[in-house]
Amino acid sequence: MNKLCLLGLLVSLASQTALAAAPAEPLKNKDAFISDLLKQMTVEEKIGQLRLISIGPEMPRELIRKEIAAGRIGGTFNSITRDENRPMQDAAINNSRLKIPMFFAYDVIHGHRTIFPISLGLASSWDMDAIARVGRTSAIEAASDGIDMTFAPMVDIARDPRWGRTSEGFGEDTYLVSRISRVMVESFQGQSPANADSIMAAVKHFALYGAVEGGRDYNTVDMSPAKMYNDYLPPYRAAIDAGAGGVMVALNSINGVPATSNTWLMNDLLRKEWGFKGVTVSDHGAIGELVRHGVAKDGREAAKLAIKAGIDLSMNDSLYGEDLPTLLKSGEVSQADLDNAVREILGAKYDMGLFKDPYVRIGQAKDDPADVYADSRLHRDTARDVARRSLVLLENRNQTLPLKKAGTIALVGPLADAPIDMMGSWAAAGRPKHSVTVRKGLETALGDKAKLVYAKGSNITADKAIVDYLNFLNFDAPEIIDDPRPAAVLIDEAVKAAQQSDVVVAVVGESRGMSHESSSRTSLEIPAAQRELIKALKATGKPLVLVLMNGRPLALAWEREQADAILETWFSGTEGGNAIADVLLGDYNPSGKLAITFPRSVGQIPMYYNHLRIGRPFTPGKPGNYTSQYFEEPNGPLYPFGYGLSYSDFSLSKLSLSAKTLKQGQNLDASVVVKNTGKRDGETVVQLYIQDVAASMSRPVKELKNFQKVMLKAGEERTLHFSIKADDLKFWNNQLQFAAEPGEFNVQIGLDSEAVQQQSFELL
Ligand code: NOJ
């Protein structure tokens, strides 16, 4: 027997013993089981359960195991293999007094090993089946790496694209994000979070993190209760209603009170009003940050505020451990405060199936994958299919796209062959070596049918300070790989490639780190170095296709004038390059629609489609004076919410309502005929918006209330039906009553949020 086999045998024996030593089959009744366990725990063991630590290079493994054995750690995050997690679970099960299992968490946001498009891209698919496949596949992959919980979905509504985390969420719209929130939770957790191939979802960041002032990360949020309830809270609520086992609490303050010490938020709203029964977790270091927020004078007070407000698990903070013992002794924190927090953590472990089998996801060493990075562990077909669905065609003049698989194509741009950027931020256990870049995807698809000439053309940015900042974000490897040649030389090479080609494809935009946590921007423009490249390419007179990679809306007014076609690809994941090639070459007909408005300029922010009605609205085509507008540039967005082209054309007609009135408790049918008037089969998204004509308070100009994504063959038409209930008309008024107010409503149906047809009815 060689050394490796011997080691394997020993480890597998160890885990079998561990299994034998695990507590016997838990009591059937969860509450009784946990109460019983709580009675056996010392104060130190209870406080230990509240501690969630990050596994990083700075944490010696042996020390962690000792701490676990002493009952001083409840769970960890950032370890991503069974092999890493097993010894920690062994320490809990074999060496700790009460054998309470550990749990292992990770940020599985848009994939685990297979990386799918970033969330903003997933939302652009408007395809709930595709999104469900992403959640399920991610759960299966993460669970098979010994992970029990994900800090996802991230459902913060984002209406200020300067915020770097816009990329991590599903866009600006309450209804769309809420639908996706539900699907993500259900698909992560599967039939039950206790299943071996499920992971528990901890929805984040509760609450309103997307509304940070000025788009500056971690900043303050000041918001009226009606706006919170109508626009920002529903996606978290949808996750809770779908059974999310956890909630991660936001880093921002809300109307002056940090979320981490916000009793109204965690107690009154989350637990009492919404009936949440799961576990809450603070964000990284957030308890200590209460001192910097200026609501706690020291760490001791911070710990007290956090536990009293309802933070159960403390993420990478030492304060609970340091200060709870004396806070308990002095009576400032009660035994009940501590027990409540511990109860939720044990409850989550119970729900994850860990008391029944602490190794439910870690399995036995003999079954560990020989190579955790093996390509065979990836789900490439699903990734390619979902990525294709997330791409949004923004422009296509003179049918520049799809490209012919013939002649010569110039492929240029700093993102054309960028495996790290393909993955987007929060790429979990994804590895750049698995990414199919645009260059690779086009090479494979074209084979020897057409010639591909590649030139980088420019670096991401010429600004060294920005490069240093972005590189600092990545501990493992440089994020930005700069070509040291002078900019003029790079451009020259790209121009030469363009001159010898029939068409130019320029892959430009942001590096992934530019759309990330703590990467807020003051500009939404493509960096100047890349714009110089675009200008030079345009001057060649060759048809120019811009393939964009970015994690937020960009200001593209100038680019729109330069390009013949623009394809928005976000950061499209492991199979992104193949998916992009499928669309560029016409093997897939694009069907994505924007889940967020693209403004013309950063000065227009905030710009979102469903703003409240006002007294002096700007009306396109009418004089602007004394209306709400900017006078130096055209008003309205560059690309509205819900917008996206196809290689086919679609028309809507015959919008009709089944009745002119609707009674409370009844339904109304809105129908519309959608036709594929083009020459190719394709999918489109038919969107239904509602406007409350006059209410007790100003209501949005329109609000998405339903949509259907339909596939139509060339020339095919179909009548779609949407059922409208009085419940769909409800909103939270200024007294926070949730009701539908009688009166007139406009139903608007369109293929984007702007070009709509309208009919009215009255709610009796
Ligand atoms: C901080 C981020 O805000 C949060 O989203 C993430 O889940 C944690 N770090 C853990 O990585």
# chains A, B, ... in the order shown; residues from 1 in each chain; ligands from 1
>>> select_by_dssp(residues="region 327-432 of chain A", states="alpha helix (DSSP H)", output="VMD selection string")
chain A and resid 327 to 330 335 to 351 380 to 390 419 to 423
>>> closest_atom_pairs(of="region 646-682 of chain A", to="region 705-712 of chain A", cutoff="8 Å", atoms="only C-alpha atoms", output="JSON lines")
{"residue": "A:Lys675", "atom": "CA", "partner": "A:Leu712", "partner_atom": "CA", "distance": 7.5}
{"residue": "A:Asn676", "atom": "CA", "partner": "A:Leu712", "partner_atom": "CA", "distance": 6.0}
{"residue": "A:Asp681", "atom": "CA", "partner": "A:Leu712", "partner_atom": "CA", "distance": 5.8}
{"residue": "A:Gly682", "atom": "CA", "partner": "A:Met711", "partner_atom": "CA", "distance": 5.5}
>>> write_last_selection(atoms="C-alpha atoms", output="short mmCIF file (atom, residue, chain, number, x, y, z; two decimals), in the first residue's frame")
data_model
loop_
_atom_site.label_atom_id
_atom_site.label_comp_id
_atom_site.auth_asym_id
_atom_site.auth_seq_id
_atom_site.Cartn_x
_atom_site.Cartn_y
_atom_site.Cartn_z
CA LYS A 675 -46.16 37.88 -33.40
CA ASN A 676 -42.72 37.00 -34.67
CA ASP A 681 -37.32 31.70 -34.73
CA GLY A 682 -36.74 33.51 -31.47
#
>>> closest_atom_pairs(of="region 312-429 of chain A", to="region 154-164 of chain A", cutoff="12 Å", atoms="only C-alpha atoms", output="JSON lines")
{"residue": "A:Gly424", "atom": "CA", "partner": "A:Gly164", "partner_atom": "CA", "distance": 11.8}
{"residue": "A:Ser425", "atom": "CA", "partner": "A:Gly164", "partner_atom": "CA", "distance": 10.0}
{"residue": "A:Trp426", "atom": "CA", "partner": "A:Met154", "partner_atom": "CA", "distance": 11.3}
>>> write_last_selection(atoms="C-alpha atoms", output="CSV table (one decimal), in the first residue's frame")
chain,number,residue,atom,x,y,z
A,424,GLY,CA,-17.0,38.2,-12.9
A,425,SER,CA,-16.6,39.1,-9.3
A,426,TRP,CA,-17.6,36.7,-6.5
>>> closest_residue(among="A:Met315, A:Ile180, A:Phe738, A:Ile420", to="Pro478 (chain A)", atoms="only C-alpha atoms")
A:Ile420
>>> closest_atom_pairs(of="chain A", to="ligand 1", cutoff="9 Å", atoms="only C-alpha atoms and all ligand atoms", output="JSON lines")
{"residue": "A:Ser54", "atom": "CA", "partner": "ligand 1", "partner_atom_place_in_ligand_line": "10 (C)", "distance": 8.0}
{"residue": "A:Phe77", "atom": "CA", "partner": "ligand 1", "partner_atom_place_in_ligand_line": "10 (C)", "distance": 7.5}
{"residue": "A:Asn78", "atom": "CA", "partner": "ligand 1", "partner_atom_place_in_ligand_line": "11 (O)", "distance": 7.4}
{"residue": "A:Ala105", "atom": "CA", "partner": "ligand 1", "partner_atom_place_in_ligand_line": "10 (C)", "distance": 8.9}
{"residue": "A:Tyr106", "atom": "CA", "partner": "ligand 1", "partner_atom_place_in_ligand_line": "11 (O)", "distance": 7.0}
{"residue": "A:Asp107", "atom": "CA", "partner": "ligand 1", "partner_atom_place_in_ligand_line": "7 (O)", "distance": 5.6}
{"residue": "A:Val108", "atom": "CA", "partner": "ligand 1", "partner_atom_place_in_ligand_line": "7 (O)", "distance": 8.9}
{"residue": "A:Ile109", "atom": "CA", "partner": "ligand 1", "partner_atom_place_in_ligand_line": "7 (O)", "distance": 9.0}
{"residue": "A:Thr150", "atom": "CA", "partner": "ligand 1", "partner_atom_place_in_ligand_line": "7 (O)", "distance": 8.2}
{"residue": "A:Phe151", "atom": "CA", "partner": "ligand 1", "partner_atom_place_in_ligand_line": "7 (O)", "distance": 5.1}
{"residue": "A:Ala152", "atom": "CA", "partner": "ligand 1", "partner_atom_place_in_ligand_line": "7 (O)", "distance": 7.5}
{"residue": "A:Met154", "atom": "CA", "partner": "ligand 1", "partner_atom_place_in_ligand_line": "5 (O)", "distance": 7.6}
{"residue": "A:Lys204", "atom": "CA", "partner": "ligand 1", "partner_atom_place_in_ligand_line": "5 (O)", "distance": 7.0}
{"residue": "A:His205", "atom": "CA", "partner": "ligand 1", "partner_atom_place_in_ligand_line": "5 (O)", "distance": 6.9}
{"residue": "A:Tyr218", "atom": "CA", "partner": "ligand 1", "partner_atom_place_in_ligand_line": "3 (O)", "distance": 8.8}
{"residue": "A:Met248", "atom": "CA", "partner": "ligand 1", "partner_atom_place_in_ligand_line": "7 (O)", "distance": 7.6}
{"residue": "A:Ala250", "atom": "CA", "partner": "ligand 1", "partner_atom_place_in_ligand_line": "3 (O)", "distance": 7.5}
{"residue": "A:Leu251", "atom": "CA", "partner": "ligand 1", "partner_atom_place_in_ligand_line": "3 (O)", "distance": 7.2}
{"residue": "A:Ser282", "atom": "CA", "partner": "ligand 1", "partner_atom_place_in_ligand_line": "8 (C)", "distance": 8.9}
{"residue": "A:Asp283", "atom": "CA", "partner": "ligand 1", "partner_atom_place_in_ligand_line": "1 (C)", "distance": 5.6}
{"residue": "A:His284", "atom": "CA", "partner": "ligand 1", "partner_atom_place_in_ligand_line": "9 (N)", "distance": 5.0}
{"residue": "A:Gly285", "atom": "CA", "partner": "ligand 1", "partner_atom_place_in_ligand_line": "1 (C)", "distance": 8.5}
{"residue": "A:Met315", "atom": "CA", "partner": "ligand 1", "partner_atom_place_in_ligand_line": "10 (C)", "distance": 7.9}
{"residue": "A:Trp426", "atom": "CA", "partner": "ligand 1", "partner_atom_place_in_ligand_line": "11 (O)", "distance": 8.7}
{"residue": "A:Glu517", "atom": "CA", "partner": "ligand 1", "partner_atom_place_in_ligand_line": "3 (O)", "distance": 7.0}
>>> residues_around(residues="region 65-73 of chain A", least_positions_apart="4", cutoff="8 Å", atoms="only C-alpha atoms", output="ChimeraX atom specification")
/A:44-45,47-53,61,87-88,91-92,95-97,102
>>> write_last_selection(atoms="C-alpha atoms", output="JSON list (two decimals), in the first residue's frame")
[["chain", "number", "residue", "atom", "x", "y", "z"],
["A", 44, "GLU", "CA", -18.69, 29.26, 26.92],
["A", 45, "GLU", "CA", -20.03, 26.60, 24.56],
["A", 47, "ILE", "CA", -20.89, 31.77, 22.97],
["A", 48, "GLY", "CA", -18.69, 29.49, 20.86],
["A", 49, "GLN", "CA", -21.65, 28.61, 18.67],
["A", 50, "LEU", "CA", -22.11, 32.29, 17.76],
["A", 51, "ARG", "CA", -18.67, 32.48, 16.21],
["A", 52, "LEU", "CA", -18.37, 32.22, 12.44],
["A", 53, "ILE", "CA", -14.84, 32.53, 11.17],
["A", 61, "ARG", "CA", -5.51, 24.94, 10.65],
["A", 87, "PRO", "CA", -10.81, 17.59, 9.73],
["A", 88, "MET", "CA", -12.78, 20.49, 11.17],
["A", 91, "ALA", "CA", -12.63, 18.02, 15.58],
["A", 92, "ALA", "CA", -16.22, 18.89, 16.47],
["A", 95, "ASN", "CA", -13.07, 15.94, 20.17],
["A", 96, "SER", "CA", -15.63, 18.43, 21.42],
["A", 97, "ARG", "CA", -17.61, 17.75, 24.58],
["A", 102, "MET", "CA", -19.87, 22.53, 12.52]]
>>> residues_around(residues="region 431-433 of chain A", least_positions_apart="4", cutoff="9 Å", atoms="only C-alpha atoms", output="MDAnalysis selection string")
chainID A and resid 113:115 373 418:423 427 574
>>> residues_around(residues="Ala450 (chain A)", least_positions_apart="5", cutoff="6 Å", atoms="only C-alpha atoms", output="MDAnalysis selection string")
chainID A and resid 405:408
>>> closest_residue(among="A:Ile199, A:Met59, A:Val342, A:Ala365", to="Ser35 (chain A)", atoms="only C-alpha atoms")
A:Val342
>>> residues_around(residues="Ser648 (chain A)", least_positions_apart="4", cutoff="12 Å", atoms="only C-alpha atoms", output="list of chain:residue names")
A:Leu393, A:Asn396, A:Gln399, A:Leu401, A:Pro402, A:Gly586, A:Tyr588, A:Asn589, A:Pro590, A:Ser591, A:Gly644, A:Lys675, A:Asn676, A:Thr677, A:Gly678, A:Lys679, A:Arg680, A:Asp681, A:Gly682, A:Glu683, A:Thr684, A:Met711, A:Leu712, A:Lys713, A:Ala714, A:Gly715, A:Glu716
>>> write_last_selection(atoms="C-alpha atoms", output="mmCIF file, in the first residue's frame")
data_model
loop_
_atom_site.group_PDB
_atom_site.id
_atom_site.type_symbol
_atom_site.label_atom_id
_atom_site.label_comp_id
_atom_site.auth_asym_id
_atom_site.auth_seq_id
_atom_site.Cartn_x
_atom_site.Cartn_y
_atom_site.Cartn_z
ATOM 1 C CA LEU A 393 -28.415 42.878 -28.043
ATOM 2 C CA ASN A 396 -27.779 46.081 -34.646
ATOM 3 C CA GLN A 399 -28.017 43.669 -39.697
ATOM 4 C CA LEU A 401 -24.977 40.736 -36.698
ATOM 5 C CA PRO A 402 -24.982 37.822 -36.986
ATOM 6 C CA GLY A 586 -26.155 33.478 -35.272
ATOM 7 C CA TYR A 588 -28.410 31.455 -31.019
ATOM 8 C CA ASN A 589 -30.912 34.274 -31.418
ATOM 9 C CA PRO A 590 -30.431 36.753 -28.523
ATOM 10 C CA SER A 591 -33.401 37.188 -26.198
ATOM 11 C CA GLY A 644 -33.245 44.176 -25.782
ATOM 12 C CA LYS A 675 -46.164 37.879 -33.404
ATOM 13 C CA ASN A 676 -42.716 37.004 -34.669
ATOM 14 C CA THR A 677 -42.653 39.137 -37.821
ATOM 15 C CA GLY A 678 -39.043 38.302 -38.626
ATOM 16 C CA LYS A 679 -37.375 35.513 -40.521
ATOM 17 C CA ARG A 680 -35.834 33.626 -37.612
ATOM 18 C CA ASP A 681 -37.315 31.696 -34.725
ATOM 19 C CA GLY A 682 -36.737 33.510 -31.471
ATOM 20 C CA GLU A 683 -37.772 34.356 -27.955
ATOM 21 C CA THR A 684 -39.042 37.606 -26.560
ATOM 22 C CA MET A 711 -40.522 31.239 -28.107
ATOM 23 C CA LEU A 712 -42.116 31.896 -31.499
ATOM 24 C CA LYS A 713 -41.220 30.425 -34.825
ATOM 25 C CA ALA A 714 -40.685 32.881 -37.703
ATOM 26 C CA GLY A 715 -44.111 34.185 -38.673
ATOM 27 C CA GLU A 716 -45.855 32.577 -35.698
#
>>> decode(residues="region 529-556 of chain A", atoms="N, CA and C atoms", output="compact mmCIF listing (two decimals), in the first residue's frame")
# COMPACT_ATOMS: atom_id res chain seq x y z
N ALA A 529 -8.57 54.68 -22.27
CA ALA A 529 -7.64 53.93 -23.13
C ALA A 529 -8.43 53.09 -24.14
N GLN A 530 -9.54 52.56 -23.70
CA GLN A 530 -10.34 51.72 -24.61
C GLN A 530 -11.14 52.58 -25.59
N ARG A 531 -11.53 53.77 -25.13
CA ARG A 531 -12.26 54.64 -26.06
C ARG A 531 -11.35 55.11 -27.20
N GLU A 532 -10.07 55.30 -26.86
CA GLU A 532 -9.12 55.64 -27.93
C GLU A 532 -9.06 54.52 -28.97
N LEU A 533 -9.08 53.32 -28.47
CA LEU A 533 -9.05 52.16 -29.37
C LEU A 533 -10.30 52.17 -30.27
N ILE A 534 -11.46 52.40 -29.65
CA ILE A 534 -12.71 52.39 -30.43
C ILE A 534 -12.66 53.47 -31.52
N LYS A 535 -12.14 54.65 -31.13
CA LYS A 535 -12.05 55.74 -32.10
C LYS A 535 -11.19 55.34 -33.30
N ALA A 536 -10.06 54.72 -33.01
CA ALA A 536 -9.15 54.31 -34.09
C ALA A 536 -9.79 53.23 -34.96
N LEU A 537 -10.53 52.35 -34.35
CA LEU A 537 -11.18 51.28 -35.12
C LEU A 537 -12.27 51.85 -36.02
N LYS A 538 -13.00 52.80 -35.47
CA LYS A 538 -14.08 53.44 -36.24
C LYS A 538 -13.49 54.11 -37.49
N ALA A 539 -12.30 54.71 -37.29
CA ALA A 539 -11.67 55.44 -38.40
C ALA A 539 -11.29 54.51 -39.56
N THR A 540 -11.20 53.24 -39.32
CA THR A 540 -10.85 52.31 -40.42
C THR A 540 -12.03 52.14 -41.37
N GLY A 541 -13.22 52.52 -40.93
CA GLY A 541 -14.40 52.39 -41.80
C GLY A 541 -14.97 50.98 -41.85
N LYS A 542 -14.35 50.07 -41.12
CA LYS A 542 -14.87 48.68 -41.14
C LYS A 542 -16.07 48.59 -40.22
N PRO A 543 -17.03 47.69 -40.53
CA PRO A 543 -18.15 47.52 -39.60
C PRO A 543 -17.61 47.16 -38.20
N LEU A 544 -18.18 47.83 -37.21
CA LEU A 544 -17.63 47.69 -35.85
C LEU A 544 -18.68 47.12 -34.90
N VAL A 545 -18.36 45.99 -34.30
CA VAL A 545 -19.23 45.36 -33.31
C VAL A 545 -18.57 45.53 -31.95
N LEU A 546 -19.30 46.12 -31.01
CA LEU A 546 -18.78 46.21 -29.64
C LEU A 546 -19.39 45.08 -28.82
N VAL A 547 -18.54 44.28 -28.23
CA VAL A 547 -18.99 43.27 -27.27
C VAL A 547 -18.60 43.82 -25.91
N LEU A 548 -19.62 44.11 -25.10
CA LEU A 548 -19.35 44.76 -23.81
C LEU A 548 -19.24 43.74 -22.70
N MET A 549 -18.28 43.95 -21.82
CA MET A 549 -18.24 43.20 -20.56
C MET A 549 -18.22 44.22 -19.43
N ASN A 550 -19.18 44.12 -18.56
CA ASN A 550 -19.30 45.09 -17.46
C ASN A 550 -20.32 44.57 -16.47
N GLY A 551 -20.24 45.11 -15.25
CA GLY A 551 -21.15 44.62 -14.20
C GLY A 551 -22.15 45.65 -13.76
N ARG A 552 -22.30 46.68 -14.52
CA ARG A 552 -23.25 47.76 -14.19
C ARG A 552 -23.64 48.42 -15.51
N PRO A 553 -24.71 49.21 -15.52
CA PRO A 553 -24.99 49.98 -16.73
C PRO A 553 -23.82 50.91 -17.02
N LEU A 554 -23.46 51.05 -18.27
CA LEU A 554 -22.44 52.00 -18.66
C LEU A 554 -23.09 53.14 -19.44
N ALA A 555 -22.43 54.30 -19.45
CA ALA A 555 -22.92 55.43 -20.23
C ALA A 555 -22.36 55.28 -21.64
N LEU A 556 -23.21 54.94 -22.59
CA LEU A 556 -22.74 54.49 -23.90
C LEU A 556 -23.17 55.39 -25.06
